[in-house]
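Reproduced below: final.cif, with mmCIF, C-alpha atoms.
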```cif
data_upload
#
loop_
_atom_site.label_atom_id
_atom_site.label_comp_id
_atom_site.auth_asym_id
_atom_site.auth_seq_id
_atom_site.Cartn_x
_atom_site.Cartn_y
_atom_site.Cartn_z
CA MET L 20 28.96 5.17 48.45
CA PRO L 21 27.54 4.99 44.96
CA VAL L 22 25.12 2.18 44.13
CA THR L 23 26.96 1.28 40.99
CA ALA L 24 29.94 0.29 43.05
CA ILE L 25 27.94 -2.25 45.07
CA VAL L 26 26.23 -3.90 42.10
CA PRO L 27 28.87 -4.54 39.49
CA GLY L 28 26.31 -5.53 36.82
CA LEU L 29 24.70 -2.10 36.69
CA PRO L 30 26.12 0.53 34.39
CA ARG L 31 27.85 3.54 35.84
CA SER L 32 26.59 6.46 33.80
CA PRO L 33 23.01 7.58 33.10
CA ALA L 34 23.82 7.43 29.41
CA ALA L 35 24.51 3.75 29.68
CA ARG L 36 21.30 3.24 31.60
CA ARG L 37 19.42 5.04 28.89
CA GLY L 38 21.17 2.83 26.40
CA ILE L 39 19.96 -0.29 28.16
CA ILE L 40 16.40 1.01 28.22
CA ALA L 41 16.62 1.75 24.52
CA ALA L 42 18.09 -1.68 23.95
CA GLY L 43 15.21 -3.24 25.82
CA ALA L 44 12.67 -1.34 23.77
CA ILE L 45 14.41 -2.28 20.54
CA GLY L 46 14.61 -5.86 21.68
CA ILE L 47 10.92 -6.02 22.49
CA ALA L 48 10.06 -4.44 19.17
CA ALA L 49 12.33 -6.93 17.45
CA ALA L 50 10.70 -9.77 19.36
CA ILE L 51 7.22 -8.66 18.30
CA SER L 52 8.24 -8.17 14.71
CA VAL L 53 10.03 -11.51 14.59
CA ALA L 54 7.10 -13.22 16.25
CA THR L 55 4.53 -11.71 13.91
CA TRP L 56 6.72 -12.47 10.95
CA SER L 57 7.21 -16.07 11.95
CA SER L 58 3.56 -16.80 12.74
CA PRO L 59 0.78 -15.07 10.82
CA GLN L 60 -1.77 -16.28 13.36
CA LEU L 61 -0.10 -14.28 16.08
CA ALA L 62 0.00 -11.24 13.83
CA HIS L 63 -3.71 -11.63 13.18
CA VAL L 64 -4.48 -11.85 16.89
CA LEU L 65 -2.40 -8.73 17.54
CA ASP L 66 -4.11 -6.88 14.70
CA GLU L 67 -7.53 -7.86 15.93
CA GLY L 68 -6.70 -6.73 19.44
CA VAL L 69 -5.48 -3.38 18.23
CA SER L 70 -8.51 -2.79 16.00
CA ARG L 71 -10.86 -3.90 18.76
CA SER L 72 -9.32 -1.50 21.19
CA LEU L 73 -9.65 1.25 18.58
CA HIS L 74 -13.31 0.38 18.04
CA GLY L 75 -13.81 0.62 21.75
CA VAL L 76 -13.06 4.32 21.77
CA GLN L 77 -14.89 5.07 18.51
CA THR L 78 -18.23 6.77 18.84
CA VAL L 79 -21.35 5.54 17.09
CA ALA L 80 -21.48 8.69 15.02
CA ALA L 81 -17.92 8.11 13.85
CA MET L 82 -18.72 4.51 12.96
CA LEU L 83 -21.70 5.64 10.90
CA ALA L 84 -19.73 8.44 9.29
CA GLU L 85 -17.09 5.95 8.20
CA ARG L 86 -19.47 4.27 5.77
CA SER L 87 -20.95 7.49 4.43
CA PRO L 88 -19.70 9.71 1.62
CA GLY L 89 -20.63 12.67 3.77
CA GLN L 90 -23.09 15.41 3.13
CA ARG L 91 -24.60 15.99 -0.23
CA PRO L 92 -22.56 18.84 -1.68
CA GLU L 93 -24.09 22.23 -2.18
CA GLY L 94 -24.21 22.29 -5.95
CA ALA L 95 -24.68 18.56 -6.51
CA LEU L 96 -28.23 18.86 -7.77
CA ALA L 97 -27.48 21.73 -10.09
CA GLN L 98 -24.91 19.71 -12.01
CA LEU L 99 -26.34 17.59 -14.74
CA LYS L 100 -23.28 15.44 -15.18
CA HIS L 101 -20.90 13.80 -12.82
CA LYS L 102 -17.48 15.36 -12.75
CA LYS L 103 -15.35 13.60 -15.33
CA GLN L 104 -11.72 12.72 -15.33
CA ALA L 105 -9.42 15.56 -16.20
CA ALA L 106 -7.43 13.47 -18.66
CA LEU L 107 -10.33 13.27 -21.07
CA HIS L 108 -10.58 17.01 -21.28
CA GLU L 109 -6.94 17.87 -21.72
CA ARG L 110 -6.56 21.08 -23.62
CA VAL L 111 -3.45 21.43 -25.71
CA LEU L 112 -2.54 23.53 -28.68
CA PRO L 113 -2.91 21.31 -31.72
CA LYS L 114 0.22 22.70 -33.34
CA VAL L 115 2.40 22.08 -30.30
CA ARG L 116 1.57 18.44 -29.97
CA ALA L 117 -1.24 16.08 -30.68
CA PRO L 118 -3.81 15.84 -27.90
CA ALA L 119 -4.23 12.58 -26.04
CA PRO L 120 -6.65 10.24 -27.79
CA SER L 121 -10.17 10.33 -26.52
CA ALA L 122 -11.79 7.31 -24.94
CA TYR L 123 -13.47 6.34 -28.18
CA GLU L 124 -10.26 6.61 -30.13
CA ALA L 125 -8.43 4.57 -27.51
CA LEU L 126 -11.10 1.87 -27.87
CA ALA L 127 -10.83 1.89 -31.63
CA GLY L 128 -7.11 1.19 -31.48
CA PRO L 129 -3.92 3.00 -32.38
CA PRO L 130 -3.90 5.08 -35.54
CA PRO L 131 -2.15 3.51 -38.53
CA SER L 132 1.51 4.36 -38.61
CA PRO L 133 2.77 6.29 -41.63
CA PRO L 134 4.56 4.17 -44.23
CA LEU L 135 8.31 3.97 -43.90
CA ALA L 136 9.04 3.94 -47.64
CA PRO L 137 9.13 7.34 -49.32
CA PRO L 138 6.58 7.88 -52.05
CA PRO L 139 7.87 7.27 -55.56
CA GLU L 140 9.15 10.48 -57.04
CA ALA L 141 8.26 10.00 -60.66
CA PRO L 142 4.70 9.08 -61.51
CA LEU L 143 4.44 5.61 -62.92
CA TYR L 144 1.76 6.50 -65.35
CA THR L 145 1.15 9.70 -67.22
CA ALA L 146 -2.27 10.51 -68.39
CA VAL L 147 -2.21 12.03 -71.79
CA ALA L 148 -4.67 14.82 -72.16
CA SER L 149 -5.01 14.73 -75.88
CA PRO L 150 -5.08 11.29 -77.40
CA PRO L 151 -2.46 10.73 -80.06
CA THR L 152 -4.64 8.18 -81.75
CA PRO L 153 -7.56 9.19 -83.91
CA ILE L 154 -10.86 9.70 -82.18
CA ILE L 155 -12.57 6.52 -81.31
CA PRO L 156 -15.91 6.27 -82.95
CA VAL L 157 -18.57 6.12 -80.36
CA THR L 158 -20.95 3.34 -80.87
CA GLY L 159 -24.23 3.52 -79.06
CA GLY L 160 -26.38 0.63 -77.99
CA GLY L 161 -24.98 -2.41 -79.60
CA GLY L 162 -21.39 -2.20 -78.51
CA GLY L 163 -19.22 -2.14 -81.53
CA PRO L 164 -16.05 -4.05 -82.17
CA PRO L 165 -12.89 -2.72 -80.59
CA VAL L 166 -11.06 -0.35 -82.78
CA LEU L 167 -7.71 -0.54 -81.03
CA SER L 168 -6.44 -3.72 -79.53
CA ASN L 169 -5.21 -2.16 -76.28
CA ILE L 170 -8.36 -0.20 -75.59
CA PRO L 171 -11.25 -1.97 -73.96
CA PRO L 172 -14.48 -1.79 -75.84
CA PRO L 173 -16.87 0.89 -74.74
CA GLY L 174 -19.85 -0.08 -72.66
CA GLY L 175 -22.68 -1.42 -74.65
CA GLY L 176 -25.60 -0.16 -72.61
CA GLY L 177 -24.60 3.39 -71.93
CA GLY L 178 -22.94 4.47 -75.08
CA GLY L 179 -21.28 7.80 -75.50
CA PHE L 180 -18.54 7.02 -72.99
CA THR L 181 -14.94 7.26 -74.06
CA PRO L 182 -12.48 5.69 -71.70
CA PRO L 183 -9.39 7.78 -70.90
CA ILE L 184 -6.48 6.69 -72.97
CA VAL L 185 -3.44 5.82 -70.94
CA THR L 186 -0.04 5.14 -72.37
CA THR L 187 2.67 3.64 -70.20
CA THR L 188 5.92 5.63 -70.26
CA GLU L 189 8.00 3.20 -68.16
CA THR L 190 7.63 -0.20 -66.51
CA PRO L 191 6.25 -0.06 -62.98
CA VAL L 192 9.01 -0.31 -60.38
CA THR L 193 8.22 -2.00 -57.07
CA PRO L 194 9.40 0.20 -54.20
CA PRO L 195 12.22 -1.32 -52.11
CA THR L 196 11.12 -3.03 -48.89
CA PRO L 197 11.97 -0.84 -45.90
CA VAL L 198 14.77 -2.11 -43.65
CA THR L 199 13.82 -1.68 -40.01
CA PRO L 200 16.65 -0.85 -37.61
CA VAL L 201 15.55 -3.57 -35.15
CA PRO L 202 15.45 -7.15 -36.46
CA GLU L 203 12.07 -8.78 -36.43
CA PRO L 204 11.30 -11.72 -34.14
CA THR L 205 11.60 -14.22 -36.95
CA THR L 206 15.05 -12.88 -37.78
CA TRP L 207 16.07 -13.20 -34.18
CA ALA L 208 14.75 -16.76 -34.03
CA MET L 209 16.57 -17.70 -37.19
CA MET L 210 19.80 -16.22 -35.86
CA ILE L 211 19.53 -18.05 -32.57
CA VAL L 212 18.76 -21.33 -34.30
CA GLY L 213 21.70 -20.74 -36.61
CA PHE L 214 24.09 -20.16 -33.73
CA GLY L 215 22.76 -23.29 -32.07
CA LEU L 216 23.39 -25.33 -35.20
CA ILE L 217 26.91 -23.95 -35.50
CA GLY L 218 27.62 -24.80 -31.89
CA ARG L 219 26.25 -28.31 -32.35
CA ALA L 220 28.35 -28.85 -35.43
CA LEU L 221 31.48 -27.65 -33.60
CA ARG L 222 30.82 -29.93 -30.65
CA ARG L 223 30.22 -32.88 -32.92
CA LYS L 224 33.40 -32.21 -34.81
CA ARG L 225 35.39 -31.92 -31.62
CA ALA L 226 33.84 -35.10 -30.21
CA ALA L 227 34.55 -36.93 -33.45
CA GLY L 228 38.15 -35.67 -33.33
CA ARG L 229 38.58 -36.86 -29.77
CA LYS L 230 37.17 -40.31 -30.24
CA PRO L 231 40.21 -41.89 -31.83
CA GLN L 232 42.37 -40.59 -29.00
CA LEU L 233 40.11 -42.10 -26.40
CA GLY L 234 39.68 -45.37 -28.17
CA MET N 11 29.24 5.31 26.79
CA ARG N 12 31.03 2.38 25.28
CA GLY N 13 29.51 0.06 27.85
CA GLY N 14 26.06 1.35 26.96
CA VAL N 15 26.54 0.62 23.30
CA ILE N 16 27.78 -2.87 24.03
CA ALA N 17 24.88 -3.45 26.41
CA LEU N 18 22.47 -2.22 23.76
CA ALA N 19 23.83 -4.52 21.12
CA THR N 20 23.99 -7.53 23.43
CA ALA N 21 20.52 -6.96 24.82
CA SER N 22 18.92 -6.59 21.42
CA ILE N 23 20.65 -9.71 20.14
CA VAL N 24 19.69 -11.70 23.23
CA VAL N 25 16.07 -10.56 23.22
CA GLY N 26 15.73 -11.08 19.50
CA ALA N 27 17.18 -14.56 19.76
CA ALA N 28 14.91 -15.34 22.69
CA ALA N 29 11.90 -14.17 20.76
CA TRP N 30 12.94 -16.28 17.83
CA ALA N 31 13.38 -19.31 20.04
CA LEU N 32 10.03 -18.74 21.72
CA THR N 33 8.07 -18.29 18.53
CA ALA N 34 9.86 -20.93 16.51
CA GLN N 35 7.73 -23.74 17.88
CA LYS N 36 4.58 -21.63 18.06
CA PRO N 37 2.86 -22.15 14.70
CA LEU N 38 1.86 -25.70 15.56
CA ALA N 39 -0.01 -24.58 18.63
CA ASP N 40 -1.53 -21.63 16.77
CA ALA N 41 -2.75 -23.70 13.88
CA ALA N 42 -5.08 -25.64 16.12
CA VAL N 43 -6.56 -22.46 17.56
CA ALA N 44 -6.89 -20.74 14.24
CA THR N 45 -9.52 -23.06 12.76
CA PRO N 46 -12.61 -22.17 14.82
CA ARG N 47 -11.92 -18.43 14.51
CA ALA N 48 -13.07 -18.40 10.89
CA SER N 49 -16.79 -18.05 11.66
CA PRO N 50 -18.26 -15.47 9.27
CA ALA N 51 -20.64 -13.87 11.74
CA ALA N 52 -17.90 -12.85 14.12
CA GLY N 53 -16.54 -10.05 11.99
CA ALA N 54 -19.86 -8.95 10.52
CA ARG N 55 -21.09 -7.10 13.59
CA VAL N 56 -19.66 -4.63 16.05
CA PHE N 57 -21.16 -4.86 19.51
CA LEU N 58 -21.35 -1.55 21.28
CA THR N 59 -20.09 -0.98 24.76
CA LYS N 60 -22.17 0.75 27.39
CA ALA N 61 -19.97 3.81 27.19
CA GLN N 62 -20.50 4.02 23.43
CA ILE N 63 -24.28 3.72 23.79
CA ASP N 64 -24.38 6.34 26.54
CA GLN N 65 -22.24 8.68 24.48
CA ALA N 66 -24.42 8.18 21.39
CA ILE N 67 -27.64 8.90 23.30
CA ALA N 68 -26.12 11.89 25.07
CA SER N 69 -24.88 13.37 21.81
CA GLY N 70 -28.18 12.75 20.04
CA THR N 71 -26.87 10.28 17.48
CA LEU N 72 -29.28 7.65 18.79
CA ASP N 73 -32.47 8.09 20.77
CA ARG N 74 -32.57 4.57 22.17
CA PRO N 75 -30.09 1.85 23.08
CA VAL N 76 -28.60 -0.12 20.24
CA LYS N 77 -26.78 -3.38 20.85
CA SER N 78 -24.77 -3.81 17.68
CA LEU N 79 -23.99 -2.24 14.34
CA LEU N 80 -23.05 -3.91 11.08
CA ALA N 81 -19.32 -3.89 10.49
CA VAL N 82 -19.14 -2.12 7.16
CA LYS N 83 -15.53 -2.51 6.13
CA ALA N 84 -15.32 0.14 3.43
CA PRO N 85 -17.26 3.33 2.68
CA LEU N 86 -20.45 2.66 0.80
CA TYR N 87 -20.91 3.92 -2.73
CA PHE N 88 -24.22 5.09 -4.11
CA GLY N 89 -26.32 2.00 -4.72
CA ASP N 90 -24.40 -0.09 -2.20
CA TYR N 91 -26.05 -1.61 0.80
CA SER N 92 -25.30 -4.10 3.53
CA TRP N 93 -27.86 -6.49 4.97
CA ASP N 94 -27.24 -9.16 7.56
CA ASP N 95 -30.05 -10.41 9.79
CA ARG N 96 -28.55 -13.80 10.55
CA ASN N 97 -28.99 -14.83 14.18
CA VAL N 98 -30.80 -11.58 14.96
CA PRO N 99 -33.80 -12.37 17.16
CA ALA N 100 -37.25 -11.01 16.47
CA GLY N 101 -38.06 -7.68 18.00
CA PRO N 102 -39.34 -4.22 17.29
CA THR N 103 -38.13 -2.89 13.96
CA TRP N 104 -37.26 0.72 13.46
CA ILE N 105 -35.55 2.65 10.74
CA ARG N 106 -33.11 5.49 11.17
CA VAL N 107 -32.54 7.84 8.25
CA ASP N 108 -29.74 10.37 8.54
CA LEU N 109 -29.97 13.06 5.89
CA GLY N 110 -26.62 14.51 6.88
CA THR N 111 -24.69 11.34 6.17
CA GLN N 112 -27.17 10.09 3.50
CA LEU N 113 -27.46 6.81 5.40
CA MET N 114 -30.30 4.54 6.37
CA SER N 115 -30.00 1.98 9.16
CA VAL N 116 -32.59 -0.69 9.87
CA PHE N 117 -32.69 -2.07 13.40
CA ARG N 118 -34.43 -5.12 14.73
CA GLY N 119 -34.41 -5.84 18.44
CA GLY N 120 -31.60 -3.37 18.95
CA HIS N 121 -29.33 -4.90 16.32
CA GLU N 122 -28.65 -3.24 13.02
CA ILE N 123 -29.71 -5.59 10.21
CA GLY N 124 -29.31 -3.34 7.18
CA THR N 125 -27.72 -0.13 6.01
CA ALA N 126 -27.66 1.69 2.70
CA LEU N 127 -26.97 5.02 1.12
CA VAL N 128 -30.18 6.83 0.23
CA VAL N 129 -31.32 9.67 -1.96
CA TYR N 130 -33.65 12.18 -0.42
CA GLY N 131 -35.57 15.33 -1.17
CA GLY N 132 -34.05 18.21 -3.02
CA ASP N 133 -33.94 21.78 -1.84
CA ASN N 134 -37.39 22.72 -3.08
CA LYS N 135 -39.06 19.55 -1.78
CA GLN N 136 -37.32 18.51 1.38
CA THR N 137 -37.78 15.25 3.18
CA PRO N 138 -39.70 15.86 6.43
CA ALA N 139 -37.59 15.19 9.50
CA GLY N 140 -38.83 13.74 12.75
CA LYS N 141 -40.51 10.63 14.03
CA LEU N 142 -42.66 9.07 11.31
CA HIS N 143 -44.50 5.78 11.07
CA ILE N 144 -45.16 3.38 8.24
CA LEU N 145 -48.73 4.11 7.23
CA GLY N 146 -49.00 1.86 4.23
CA LYS N 147 -47.20 -0.75 2.19
CA ALA N 148 -47.42 -1.35 -1.55
CA ARG N 149 -45.22 -3.85 -3.30
CA ASN N 150 -45.88 -2.66 -6.86
CA HIS N 151 -46.78 0.95 -6.47
CA ARG N 152 -47.03 3.31 -9.39
CA SER N 153 -47.06 6.98 -8.63
CA SER N 154 -49.93 8.77 -10.31
CA LEU N 155 -48.42 12.12 -9.37
CA TYR N 156 -45.05 11.53 -11.02
CA ASP N 157 -46.11 8.77 -13.42
CA ALA N 158 -43.27 6.53 -12.25
CA GLU N 159 -42.82 3.05 -10.87
CA MET N 160 -42.08 3.04 -7.17
CA PRO N 161 -41.68 -0.57 -6.11
CA PHE N 162 -41.64 -1.60 -2.45
CA THR N 163 -43.24 1.58 -1.20
CA LEU N 164 -43.49 2.19 2.51
CA ARG N 165 -45.65 5.28 2.91
CA LEU N 166 -44.70 7.62 5.73
CA THR N 167 -46.98 10.62 5.45
CA ASN N 168 -50.49 11.22 4.22
CA ASP N 169 -49.28 13.48 1.43
CA GLY N 170 -47.27 10.71 -0.14
CA VAL N 171 -43.73 10.83 1.25
CA SER N 172 -42.46 7.26 1.21
CA ILE N 173 -39.50 4.99 1.28
CA HIS N 174 -39.26 3.20 -2.05
CA ALA N 175 -36.86 1.58 -4.48
CA SER N 176 -35.05 4.12 -6.54
CA SER N 177 -31.99 4.64 -8.65
CA VAL N 178 -29.52 5.64 -5.98
CA ARG N 179 -26.70 7.49 -7.67
CA TRP N 180 -24.49 10.46 -7.14
CA GLY N 181 -26.14 13.83 -7.43
CA ALA N 182 -29.68 12.49 -7.48
CA ALA N 183 -32.53 13.76 -5.36
CA THR N 184 -36.22 13.01 -4.93
CA HIS N 185 -39.37 15.05 -4.48
CA GLY N 186 -39.25 14.36 -0.76
CA CYS N 187 -39.28 10.58 -0.77
CA ILE N 188 -36.41 8.47 0.52
CA GLY N 189 -35.00 6.33 -2.28
CA VAL N 190 -33.12 3.13 -1.51
CA PRO N 191 -31.48 0.57 -3.84
CA PRO N 192 -34.07 -1.91 -5.17
CA PRO N 193 -32.63 -5.10 -3.59
CA PHE N 194 -32.37 -3.31 -0.28
CA ALA N 195 -35.91 -1.99 -0.73
CA GLU N 196 -37.24 -5.51 -1.14
CA ARG N 197 -35.54 -6.73 2.01
CA LEU N 198 -36.73 -3.68 3.90
CA PHE N 199 -40.26 -4.17 2.59
CA ASN N 200 -40.27 -7.72 3.90
CA ALA N 201 -38.75 -6.74 7.23
CA ALA N 202 -40.94 -3.73 8.00
CA LYS N 203 -44.58 -3.77 8.94
CA LEU N 204 -47.31 -1.22 9.41
CA GLY N 205 -46.75 1.09 12.33
CA ASP N 206 -42.99 0.65 12.50
CA GLU N 207 -41.12 3.75 13.44
CA VAL N 208 -39.02 5.73 10.98
CA LEU N 209 -36.76 8.32 12.51
CA VAL N 210 -35.54 10.94 10.05
CA VAL N 211 -32.70 12.91 11.61
CA GLY N 212 -30.06 15.35 10.52
CA SER N 213 -30.33 18.38 8.37
CA PRO N 214 -29.42 17.90 4.77
CA ARG N 215 -27.22 20.96 4.91
CA ARG N 216 -25.54 22.73 7.75
CA THR N 217 -26.82 26.24 8.15
CA SER N 218 -23.51 27.77 9.11
#
```
What's the structure tokens form of this structure?
Amino acid sequence: MPVTAIVPGLPRSPAARRGIIAAGAIGIAAAISVATWSSPQLAHVLDEGVSRSLHGVQTVAAMLAERSPGQRPEGALAQLKHKKQAALHERVLPKVRAPAPSAYEALAGPPPSPPLAPPPEAPLYTAVASPPTPIIPVTGGGGGPPVLSNIPPPGGGGGGFTPPIVTTTETPVTPPTPVTPVPEPTTWAMMIVGFGLIGRALRRKRAAGRKPQLG
Amino acid sequence: MRGGVIALATASIVVGAAAWALTAQKPLADAAVATPRASPAAGARVFLTKAQIDQAIASGTLDRPVKSLLAVKAPLYFGDYSWDDRNVPAGPTWIRVDLGTQLMSVFRGGHEIGTALVVYGGDNKQTPAGKLHILGKARNHRSSLYDAEMPFTLRLTNDGVSIHASSVRWGAATHGCIGVPPPFAERLFNAAKLGDEVLVVGSPRRTS
């Protein structure tokens, strides 16, 4: 007569028995994990026990080796410098892409970004090579009176210096301010405040409209 | 098969719930126990078992019984040291220098009271191995041979090999002396006395 028939609580097949064993193991594991999760003190005690039992089997040599960097390497004394990080010595073709900034450059800060506005096409001023006006008499020493009203007087001390004559061909045009695709923080703030004000005004209006009905 | 799966699920739920119920009221009891465990000296030292000591002596790591070692949590860097002689009774002091692991250990009465990474002799001027003794002490020594300050010198041989404060850094070597970090050197200088034993073991480089 099979045993399983006598004890009704026991499972019939070995697979089921294996299942119960697995369930027990899972349950115990769950119990430990739940227990350690619920009380950190218990977890600490368990940890300590585990590490103590590990220390028990550790040899003295292994304990000493744990705090050591190991043997001095063969070529350590021949090297004058400690091995540096690879990132600082990245080698790239300059035409393919810019190399990573060195440590000093990174400390100095990011390089200035190129201006967004295109350079003005036409020069604002044109220097005239040959002066259309008669030659300015050079006065040495004393510093003579200005001959032309729009030309500053030559230097008194040096003498013999003729300033370049510049005639303006057109009025200087200020370049247009570049429009960035992303609004700036102040723009955002202004927009949000504006929406808030609109909402407040709407609510007020609605409340004011409702009041007569309520009263 | 189906019964097994049901049993598995039920058992895990029951055991998990039981564990939850058991540990739910636990923290109160644990909290009272947890307070006295926070003594700092408890984790600072690893006491060796008899089996560990026997193994260490048999393998040649130690030549005499040692009761405890400092619990150094992380690997030491060059210039690091650990010193803890709290509650260590007086006793014979001896120093163990391992050239293979670049470590020095200072023992007093069988307990390790200090450990540090050292620099030692280069290939052309190697540190002598073996059982040495402290022959002389000089707090502010200046080497006439190398024209260099060598504070906290503990002289080991008659031709000048010593333990002294030094810049302990990666890739450095000495002319045969054993260099230790200056703060460690001062503590060692105060702890050691004339005649104390210095055991230099290990070959700086394996031959094979």
note - atom CA of N:Ala148 and atom CA of N:Thr163 are separated by 5.1 Å
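Atom CA of L:Phe214 is positioned 26.3 Å from atom CA of L:Thr196.
One finds atom CA of N:Val210 at 7.5 Å from atom CA of N:Leu142.
Residue nearest chain L within the list N:Arg96, N:His143, N:Lys83, N:Arg55: N:Lys83 [criterion: smallest interatomic distance, only C-alpha atoms].
Here the question is which of N:Gly170, N:Gly132, N:Pro161, N:Pro99 gets nearest to N:Pro192 using all atoms listed in the file, and that residue is N:Pro161.
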Report as a PDB file with C-alpha atoms, in the frame of the given file the residues that result from applying the PyMOL selection byres ((chain N and resi 169) around 12) to the structure here.
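And here is the file that came out, selection.pdb:
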```pdb
ATOM      1  CA  THR N 137     -37.780  15.250   3.180  1.00  0.00           C
ATOM      2  CA  PRO N 138     -39.700  15.860   6.430  1.00  0.00           C
ATOM      3  CA  LEU N 145     -48.730   4.110   7.230  1.00  0.00           C
ATOM      4  CA  GLY N 146     -49.000   1.860   4.230  1.00  0.00           C
ATOM      5  CA  LEU N 155     -48.420  12.120  -9.370  1.00  0.00           C
ATOM      6  CA  ARG N 165     -45.650   5.280   2.910  1.00  0.00           C
ATOM      7  CA  LEU N 166     -44.700   7.620   5.730  1.00  0.00           C
ATOM      8  CA  THR N 167     -46.980  10.620   5.450  1.00  0.00           C
ATOM      9  CA  ASN N 168     -50.490  11.220   4.220  1.00  0.00           C
ATOM     10  CA  GLY N 170     -47.270  10.710  -0.140  1.00  0.00           C
ATOM     11  CA  VAL N 171     -43.730  10.830   1.250  1.00  0.00           C
ATOM     12  CA  SER N 172     -42.460   7.260   1.210  1.00  0.00           C
ATOM     13  CA  HIS N 185     -39.370  15.050  -4.480  1.00  0.00           C
ATOM     14  CA  GLY N 186     -39.250  14.360  -0.760  1.00  0.00           C
ATOM     15  CA  CYS N 187     -39.280  10.580  -0.770  1.00  0.00           C
TER      16      CYS N 187
END
```
